[in-house]
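In what follows, a single structure is set out as structure tokens and then discussed.
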Amino acid sequence: MSGICGAGMRRAADALLRALGGETVTLVLPVTAMASDAGGQLGLVDPGVQDVVISPAVARELATGNVGPRRRLEFTLPASAIANALPALGMLSGEDLFSAVIGLTYRGKLFHIERVLPESYSGTICFYVLTVVE
């Protein structure tokens with residue numbers, strides 16, 4: 001982030017996303033803790049998943065062809081919400097977070113993340129644009 005200008009850009013990005021829709025999405029990540037018994041060490045126990053709620057977000061339907069996924073959406077997420085979630089997850093960057101995500105939940109449906117594109121202005125990442133498929 002580039003100082004006061006970067007913080008101002010992120011606040012403006014958040015306000016824009018709230019004004020355009022203010023949706024909520026949930027990023028689904030695997031839990032990294034492992035059971036200490038023999039089953040856990042052998043990978044026989046499912047450690048579960050962890051949900052990270054991100055808001056505000058803007059959802060947009062994308063066209064799909066006759067073959068391929070039934071539904072394709074694009075989500076614009078605020079970089080500030082991603083940055084706020086990182087310390088609790090023990091991650092250093094948004095790229096680390098998105099490489100660990102196994103899915104995105106929106107309105108009760110689970111989507112697979114196809115593409116993540118960071119959008120930056122004045123050298124500050126303000127948004128992450130995700131293309132997801134059902």
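Residues are referred to by chain and number: the chain letter is A, B, ... according to the order shown in the structure tokens, the number counts from 1 in that chain, and ligands are numbered separately from 1 in the order shown.
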
Would you list the contacts of region 56-58 of chain A as a PyMOL selection string, taking every protein, DNA or RNA residue within 8 Å and counting only C-alpha atoms, but skipping same-chain residues closer than 2 positions in sequence? chain A and resi 14+17-18+20-25+54+60+75-78

Please list as a PyMOL selection string every residue within 10 Å of Arg115 (chain A), counting only C-alpha atoms and excluding residues in the same chain fewer than 5 positions away. chain A and resi 74+98+129-133

Considering only strand (DSSP E) as DSSP defines it on the backbone, what residues of region 48-104 of chain A qualify? List them as a VMD selection string. chain A and resid 49 to 62 72 to 78 103 to 104

Pick from A:Arg70, A:Leu62, A:Ile82, A:Arg11: nearest to Leu97 (chain A), with only C-alpha atoms counted?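 Ranked by minimum distance to Leu97 (chain A), first place goes to A:Ile82.
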
What parts of chain A does DSSP call helix (DSSP H, G or I)? I'd like the answer as a ChimeraX atom specification. /A:3-20,38-41,79-89,94-100

Show which residues sit within 12 Å of Ala12 (chain A), as a list in words. Count only C-alpha atoms, and ignore same-chain residues fewer than 3 positions away. Cys5, Gly6, Ala7, Gly8, Met9, Ala15, Leu16, Leu17, Arg18, Ala19, Pro78, Ala79, Ser80, Tyr121, Thr124, Cys126 and Phe127 of chain A

If you measure from CA of Ile102 (chain A) to CA of Ala13 (chain A), what distance in Å do you get, rounded to one decimal? 25.7 Å

Nearest residue to Arg10 (chain A) from the set A:Asn84, A:Thr105, A:Asn66, A:Thr26 (distances using only C-alpha atoms): A:Asn84

Could you check which of A:Val53, A:Leu73, A:Ala85, A:Leu29 is closest to Glu114 (chain A), using only C-alpha atoms? A:Leu73

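Atom pair CA of Val52 (chain A) / CA of Arg72 (chain A) has a distance of 21.2 Å (rounded to one decimal).
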